[in-house]
Amino acid sequence: MDYGRTLTRLMAASFVALMVAACSPNAAAPSDTPTVSASMPMVKEVIGWDTFTGRLEAVDSVEVRSRVNGYVDRIAFRDGDYVQKGDLLFVIDPRPFQAAAKQAEGQLAQAQAQLVLANKDLDRAKSLITTQAIATNVLDQRQENQAGAEAGVAVASAALARAQLDLEFTQVRAPITGRISRKLVSEGNLVAGGDANATLLTTLVSLDTIDAYFDIDEQSFLRYGRAGREGNRTVAFESGGEVEIALSGDKRPSFIGKLNFSENRLDASTGTLRLRARIANPDHVLKPGQFVRVSLAAEAAHQAMLVPATAVASDSSRRVLYVVGADDRVAARPVELGRMFGKMREVTRGLEADDRVVVSGTQRVQAGAKVTVRIEAIKSEQFASKGEVL
């Protein structure tokens, strides 16, 4: 047997068989189906919050000025002290006012002595008129003298009261409890007092409670008003509603405030309405002038469907989610979106609770493509209970 010729025939037959198999329409092609991760929407009860930028202002703020002219004799506080209402702050040289008070006391004593004499003269005139020992016009004159003496006492009493008041004003005391600023004048300086041009000595602000002022836009104002008319009392827009306050850089609110004022009209230039929330500040952490974030409940608690924000794609002018159907084919589903809750986005329309949403690998798929699905659960740490508008 010719083994070489037989081997050659076998190799040729194998090559022909392979070529026929390769050209056959039933030949299997290598798989190029992409693998994607998909998740069911997370369903949670949520409350939507709106956050605005605000600025803190003191409930009470006072510019401390003297009520009398004079030289500063003593300063009774240290810059930045926390002072109580009535604490002594400045002393204006009291000696000129003490002398004026003494003079007023002497003038009052003189007027009182004249009144005593006028009363005696009037009493004598009344007794003599009964016997017609004096003329009627004398009685009239003594009655007039007595009335003038009474008026003189009243004038002298008022002058003494004013002098004593000026003497009291030489001690400038704290009109409110709060934190005082630095002294703006030093001892020995002459200060003016008593009118609009009085010398500014220092300033004083209250700190035990503090106000946060913030502006809401007109659309929010209308939305809150609608919610109130519909009986939704969870919207913290009315007076007494609670708001949360976060300082700059804080991830979470640190304080709770209560709304206690809203302006009576919107600002025509900005289309905003100013609101005020009052915050307890017992440790004096908050200071006037700070910027804060003010968050208020803007809608009622409701069940929401949430998906990772990274799963949302844009298709022309629409927002879409890629959803895998029962046949493992991808469909681009137009959706309407709500608030962000941490890293999760609320879907308000266009999604069902049992839909499989592509959450990873969206860049590798297109509508109509067949995919291999790997189901993943959404991690709970991506969710935050406070929802904010983008």
# chains A, B, ... in the order shown; residues from 1 in each chain; ligands from 1
>>> select_by_dssp(residues="stretch 84-166 of chain A", states="alpha helix (DSSP H)", output="MDAnalysis selection string")
chainID A and resid 95:129 136:166
>>> residues_around(residues="stretch 212-222 of chain A", least_positions_apart="3", cutoff="7 Å", atoms="only C-alpha atoms", output="list in words")
Phe52, Thr53, Gly54, Arg55, Leu56, Glu57, Gly225, Arg226, Gly271, Thr272, Leu273, Arg274, Leu275, Arg276, Ala277 and Arg278 of chain A
>>> atom_distance(atom1="atom CA of A:Ala156", atom2="atom CA of A:Leu139")
25.7 Å
>>> atom_distance(atom1="atom CA of A:Thr203", atom2="atom CA of A:Lys85")
13.5 Å
>>> residues_around(residues="A:Ser248", least_positions_apart="5", cutoff="9 Å", atoms="only C-alpha atoms", output="MDAnalysis selection string")
chainID A and resid 290:293
>>> write_last_selection(atoms="C-alpha atoms", output="PDB file, in the first residue's frame")
ATOM      1  CA  GLN A 290     -22.258  84.233  58.290  1.00  0.00           C
ATOM      2  CA  PHE A 291     -23.586  82.512  55.182  1.00  0.00           C
ATOM      3  CA  VAL A 292     -25.764  79.448  55.817  1.00  0.00           C
ATOM      4  CA  ARG A 293     -27.832  76.953  53.851  1.00  0.00           C
TER       5      ARG A 293
END
>>> residues_around(residues="A:Val243", least_positions_apart="3", cutoff="9 Å", atoms="only C-alpha atoms", output="ChimeraX atom specification")
/A:236,255-259,277,294-297
>>> closest_residue(among="A:Thr209, A:Gln363, A:Ser254, A:Gln303", to="A:Gly178", atoms="only C-alpha atoms")
A:Thr209
>>> residues_around(residues="A:Val46", least_positions_apart="2", cutoff="7 Å", atoms="only C-alpha atoms", output="PyMOL selection string")
chain A and resi 44+48+301-304+385
>>> write_last_selection(atoms="N, CA and C atoms", output="PDB file, in the first residue's frame")
ATOM      1  N   LYS A  44     -38.721  54.123  47.932  1.00  0.00           N
ATOM      2  CA  LYS A  44     -38.579  54.662  49.278  1.00  0.00           C
ATOM      3  C   LYS A  44     -39.625  55.745  49.519  1.00  0.00           C
ATOM      4  N   GLY A  48     -39.439  65.855  49.821  1.00  0.00           N
ATOM      5  CA  GLY A  48     -38.592  66.774  49.065  1.00  0.00           C
ATOM      6  C   GLY A  48     -38.277  68.029  49.874  1.00  0.00           C
ATOM      7  N   ALA A 301     -44.623  63.747  52.239  1.00  0.00           N
ATOM      8  CA  ALA A 301     -44.001  62.437  52.124  1.00  0.00           C
ATOM      9  C   ALA A 301     -44.751  61.601  51.089  1.00  0.00           C
ATOM     10  N   HIS A 302     -43.997  60.886  50.241  1.00  0.00           N
ATOM     11  CA  HIS A 302     -44.605  60.074  49.192  1.00  0.00           C
ATOM     12  C   HIS A 302     -43.648  58.965  48.791  1.00  0.00           C
ATOM     13  N   GLN A 303     -44.201  57.910  48.180  1.00  0.00           N
ATOM     14  CA  GLN A 303     -43.388  56.824  47.675  1.00  0.00           C
ATOM     15  C   GLN A 303     -42.730  57.256  46.363  1.00  0.00           C
ATOM     16  N   ALA A 304     -41.442  57.071  46.278  1.00  0.00           N
ATOM     17  CA  ALA A 304     -40.696  57.489  45.087  1.00  0.00           C
ATOM     18  C   ALA A 304     -39.895  56.319  44.535  1.00  0.00           C
ATOM     19  N   SER A 385     -31.917  60.836  52.671  1.00  0.00           N
ATOM     20  CA  SER A 385     -33.332  61.111  52.918  1.00  0.00           C
ATOM     21  C   SER A 385     -33.748  62.505  52.480  1.00  0.00           C
TER      22      SER A 385
END
>>> closest_residue(among="A:Glu381, A:Asp121, A:Asp250, A:Glu105", to="A:Asp140", atoms="only C-alpha atoms")
A:Asp121
>>> atom_distance(atom1="atom CA of A:Val62", atom2="atom CA of A:Ile210")
14.4 Å
>>> residues_around(residues="A:Ala353", least_positions_apart="2", cutoff="12 Å", atoms="only C-alpha atoms", output="mmCIF file with N, CA and C atoms, in the first residue's frame")
data_model
loop_
_atom_site.group_PDB
_atom_site.id
_atom_site.type_symbol
_atom_site.label_atom_id
_atom_site.label_comp_id
_atom_site.auth_asym_id
_atom_site.auth_seq_id
_atom_site.Cartn_x
_atom_site.Cartn_y
_atom_site.Cartn_z
ATOM 1 N N SER A 39 -30.529 47.015 37.509
ATOM 2 C CA SER A 39 -31.130 46.992 38.842
ATOM 3 C C SER A 39 -32.590 47.393 38.750
ATOM 4 N N MET A 40 -33.377 46.863 39.661
ATOM 5 C CA MET A 40 -34.741 47.336 39.823
ATOM 6 C C MET A 40 -34.700 48.696 40.530
ATOM 7 N N PRO A 41 -35.648 49.591 40.247
ATOM 8 C CA PRO A 41 -35.669 50.871 40.964
ATOM 9 C C PRO A 41 -35.815 50.668 42.470
ATOM 10 N N MET A 42 -35.145 51.530 43.226
ATOM 11 C CA MET A 42 -35.322 51.539 44.682
ATOM 12 C C MET A 42 -36.604 52.320 44.994
ATOM 13 N N VAL A 43 -37.470 51.759 45.824
ATOM 14 C CA VAL A 43 -38.721 52.421 46.204
ATOM 15 C C VAL A 43 -38.613 52.832 47.669
ATOM 16 N N LYS A 44 -38.721 54.123 47.932
ATOM 17 C CA LYS A 44 -38.579 54.662 49.278
ATOM 18 C C LYS A 44 -39.625 55.745 49.519
ATOM 19 N N GLN A 303 -44.201 57.910 48.180
ATOM 20 C CA GLN A 303 -43.388 56.824 47.675
ATOM 21 C C GLN A 303 -42.730 57.256 46.363
ATOM 22 N N ALA A 304 -41.442 57.071 46.278
ATOM 23 C CA ALA A 304 -40.696 57.489 45.087
ATOM 24 C C ALA A 304 -39.895 56.319 44.535
ATOM 25 N N MET A 305 -39.775 56.282 43.203
ATOM 26 C CA MET A 305 -38.891 55.327 42.546
ATOM 27 C C MET A 305 -37.581 56.032 42.255
ATOM 28 N N LEU A 306 -36.493 55.403 42.683
ATOM 29 C CA LEU A 306 -35.190 56.029 42.602
ATOM 30 C C LEU A 306 -34.228 55.144 41.822
ATOM 31 N N VAL A 307 -33.398 55.768 41.006
ATOM 32 C CA VAL A 307 -32.349 55.064 40.266
ATOM 33 C C VAL A 307 -31.050 55.832 40.463
ATOM 34 N N VAL A 323 -33.676 50.448 29.515
ATOM 35 C CA VAL A 323 -34.396 49.397 30.223
ATOM 36 C C VAL A 323 -34.284 48.112 29.404
ATOM 37 N N VAL A 347 -37.505 59.274 39.786
ATOM 38 C CA VAL A 347 -38.163 59.215 38.481
ATOM 39 C C VAL A 347 -39.659 59.361 38.721
ATOM 40 N N THR A 348 -40.229 60.445 38.246
ATOM 41 C CA THR A 348 -41.633 60.733 38.536
ATOM 42 C C THR A 348 -42.587 60.156 37.489
ATOM 43 N N ARG A 349 -42.079 59.860 36.288
ATOM 44 C CA ARG A 349 -42.949 59.316 35.234
ATOM 45 C C ARG A 349 -42.096 58.566 34.217
ATOM 46 N N GLY A 350 -42.677 57.437 33.728
ATOM 47 C CA GLY A 350 -42.011 56.698 32.656
ATOM 48 C C GLY A 350 -41.341 55.417 33.094
ATOM 49 N N LEU A 351 -41.416 55.063 34.394
ATOM 50 C CA LEU A 351 -40.723 53.886 34.894
ATOM 51 C C LEU A 351 -41.655 53.069 35.774
ATOM 52 N N ASP A 355 -39.151 47.241 36.316
ATOM 53 C CA ASP A 355 -38.274 47.444 35.173
ATOM 54 C C ASP A 355 -36.826 47.156 35.562
ATOM 55 N N ARG A 356 -36.088 46.586 34.598
ATOM 56 C CA ARG A 356 -34.660 46.358 34.794
ATOM 57 C C ARG A 356 -33.905 47.509 34.128
ATOM 58 N N VAL A 357 -33.333 48.372 34.943
ATOM 59 C CA VAL A 357 -32.675 49.587 34.455
ATOM 60 C C VAL A 357 -31.175 49.343 34.364
#
>>> closest_residue(among="A:Glu230, A:Val153, A:Val330, A:Thr170", to="A:Ala111", atoms="only C-alpha atoms")
A:Val153
>>> closest_residue(among="A:Ala196, A:Val205, A:Ala99, A:Ala367", to="A:Asp166", atoms="only C-alpha atoms")
A:Ala99
>>> closest_residue(among="A:Ala309, A:Ala76, A:Leu160, A:Ala268", to="A:Gly106", atoms="only C-alpha atoms")
A:Leu160
>>> select_by_dssp(residues="stretch 62-115 of chain A", states="strand (DSSP E)", output="number ranges by chain")
A: 62-65, 70-75, 82-83, 88-92
>>> closest_residue(among="A:Pro282, A:Gly240, A:Gly194, A:Gly152", to="A:Asn260", atoms="only C-alpha atoms")
A:Gly240
>>> decode(residues="stretch 165-242 of chain A", atoms="C-alpha atoms", output="PDB file, in the first residue's frame")
ATOM      1  CA  LEU A 165     -30.965 112.732  83.945  1.00  0.00           C
ATOM      2  CA  ASP A 166     -27.911 114.259  82.249  1.00  0.00           C
ATOM      3  CA  LEU A 167     -25.825 113.183  85.232  1.00  0.00           C
ATOM      4  CA  GLU A 168     -27.216 109.647  84.888  1.00  0.00           C
ATOM      5  CA  PHE A 169     -26.388 109.689  81.164  1.00  0.00           C
ATOM      6  CA  THR A 170     -22.715 110.196  81.962  1.00  0.00           C
ATOM      7  CA  GLN A 171     -22.750 106.443  82.606  1.00  0.00           C
ATOM      8  CA  VAL A 172     -23.280 104.758  79.259  1.00  0.00           C
ATOM      9  CA  ARG A 173     -24.782 101.321  79.926  1.00  0.00           C
ATOM     10  CA  ALA A 174     -25.519  98.335  77.694  1.00  0.00           C
ATOM     11  CA  PRO A 175     -29.063  98.639  76.307  1.00  0.00           C
ATOM     12  CA  ILE A 176     -29.242  94.893  75.477  1.00  0.00           C
ATOM     13  CA  THR A 177     -27.481  91.666  76.380  1.00  0.00           C
ATOM     14  CA  GLY A 178     -24.977  90.557  73.782  1.00  0.00           C
ATOM     15  CA  ARG A 179     -21.461  90.658  72.364  1.00  0.00           C
ATOM     16  CA  ILE A 180     -19.784  94.041  72.272  1.00  0.00           C
ATOM     17  CA  SER A 181     -17.381  95.164  69.577  1.00  0.00           C
ATOM     18  CA  ARG A 182     -14.129  97.066  70.117  1.00  0.00           C
ATOM     19  CA  LYS A 183     -14.078 100.568  71.555  1.00  0.00           C
ATOM     20  CA  LEU A 184     -14.059 103.231  68.842  1.00  0.00           C
ATOM     21  CA  VAL A 185     -12.868 106.040  71.144  1.00  0.00           C
ATOM     22  CA  SER A 186     -10.237 106.052  73.870  1.00  0.00           C
ATOM     23  CA  GLU A 187     -10.218 107.630  77.308  1.00  0.00           C
ATOM     24  CA  GLY A 188      -9.704 111.393  77.211  1.00  0.00           C
ATOM     25  CA  ASN A 189     -11.494 111.981  73.929  1.00  0.00           C
ATOM     26  CA  LEU A 190     -14.243 114.550  73.651  1.00  0.00           C
ATOM     27  CA  VAL A 191     -17.468 113.000  72.377  1.00  0.00           C
ATOM     28  CA  ALA A 192     -20.665 114.594  71.141  1.00  0.00           C
ATOM     29  CA  GLY A 193     -23.995 113.269  72.291  1.00  0.00           C
ATOM     30  CA  GLY A 194     -27.695 113.773  72.319  1.00  0.00           C
ATOM     31  CA  ASP A 195     -28.519 113.970  68.599  1.00  0.00           C
ATOM     32  CA  ALA A 196     -28.139 112.210  65.245  1.00  0.00           C
ATOM     33  CA  ASN A 197     -24.528 113.369  64.998  1.00  0.00           C
ATOM     34  CA  ALA A 198     -23.531 111.839  68.329  1.00  0.00           C
ATOM     35  CA  THR A 199     -20.162 110.087  68.383  1.00  0.00           C
ATOM     36  CA  LEU A 200     -20.298 106.324  67.799  1.00  0.00           C
ATOM     37  CA  LEU A 201     -18.629 104.655  70.782  1.00  0.00           C
ATOM     38  CA  THR A 202     -19.048 100.954  69.892  1.00  0.00           C
ATOM     39  CA  THR A 203     -21.628  98.470  68.636  1.00  0.00           C
ATOM     40  CA  LEU A 204     -23.495  95.665  70.389  1.00  0.00           C
ATOM     41  CA  VAL A 205     -25.346  92.660  68.955  1.00  0.00           C
ATOM     42  CA  SER A 206     -27.534  90.040  70.591  1.00  0.00           C
ATOM     43  CA  LEU A 207     -26.462  86.397  70.177  1.00  0.00           C
ATOM     44  CA  ASP A 208     -28.736  84.154  72.289  1.00  0.00           C
ATOM     45  CA  THR A 209     -31.038  83.935  69.276  1.00  0.00           C
ATOM     46  CA  ILE A 210     -30.142  84.864  65.721  1.00  0.00           C
ATOM     47  CA  ASP A 211     -32.038  85.374  62.469  1.00  0.00           C
ATOM     48  CA  ALA A 212     -31.379  83.808  59.075  1.00  0.00           C
ATOM     49  CA  TYR A 213     -32.689  85.832  56.125  1.00  0.00           C
ATOM     50  CA  PHE A 214     -33.043  84.090  52.759  1.00  0.00           C
ATOM     51  CA  ASP A 215     -34.838  84.656  49.458  1.00  0.00           C
ATOM     52  CA  ILE A 216     -37.075  82.161  47.662  1.00  0.00           C
ATOM     53  CA  ASP A 217     -37.845  82.380  43.963  1.00  0.00           C
ATOM     54  CA  GLU A 218     -41.328  83.097  42.624  1.00  0.00           C
ATOM     55  CA  GLN A 219     -41.884  79.537  41.357  1.00  0.00           C
ATOM     56  CA  SER A 220     -41.170  78.117  44.812  1.00  0.00           C
ATOM     57  CA  PHE A 221     -43.458  80.722  46.362  1.00  0.00           C
ATOM     58  CA  LEU A 222     -46.306  79.671  44.052  1.00  0.00           C
ATOM     59  CA  ARG A 223     -45.635  75.982  44.676  1.00  0.00           C
ATOM     60  CA  TYR A 224     -45.695  76.414  48.455  1.00  0.00           C
ATOM     61  CA  GLY A 225     -48.885  78.446  48.240  1.00  0.00           C
ATOM     62  CA  ARG A 226     -50.553  75.693  46.204  1.00  0.00           C
ATOM     63  CA  ALA A 227     -49.495  73.069  48.702  1.00  0.00           C
ATOM     64  CA  GLY A 228     -50.911  75.128  51.569  1.00  0.00           C
ATOM     65  CA  ARG A 229     -54.242  75.589  49.814  1.00  0.00           C
ATOM     66  CA  GLU A 230     -54.408  71.851  49.240  1.00  0.00           C
ATOM     67  CA  GLY A 231     -53.986  71.235  52.957  1.00  0.00           C
ATOM     68  CA  ASN A 232     -50.409  69.965  52.851  1.00  0.00           C
ATOM     69  CA  ARG A 233     -49.099  71.145  56.199  1.00  0.00           C
ATOM     70  CA  THR A 234     -45.755  69.396  55.821  1.00  0.00           C
ATOM     71  CA  VAL A 235     -44.593  72.280  53.647  1.00  0.00           C
ATOM     72  CA  ALA A 236     -42.707  74.534  56.092  1.00  0.00           C
ATOM     73  CA  PHE A 237     -43.710  77.826  54.521  1.00  0.00           C
ATOM     74  CA  GLU A 238     -46.120  79.208  57.094  1.00  0.00           C
ATOM     75  CA  SER A 239     -45.021  81.074  60.207  1.00  0.00           C
ATOM     76  CA  GLY A 240     -43.795  78.577  62.779  1.00  0.00           C
ATOM     77  CA  GLY A 241     -42.623  76.039  60.183  1.00  0.00           C
ATOM     78  CA  GLU A 242     -39.307  74.384  60.972  1.00  0.00           C
TER      79      GLU A 242
END
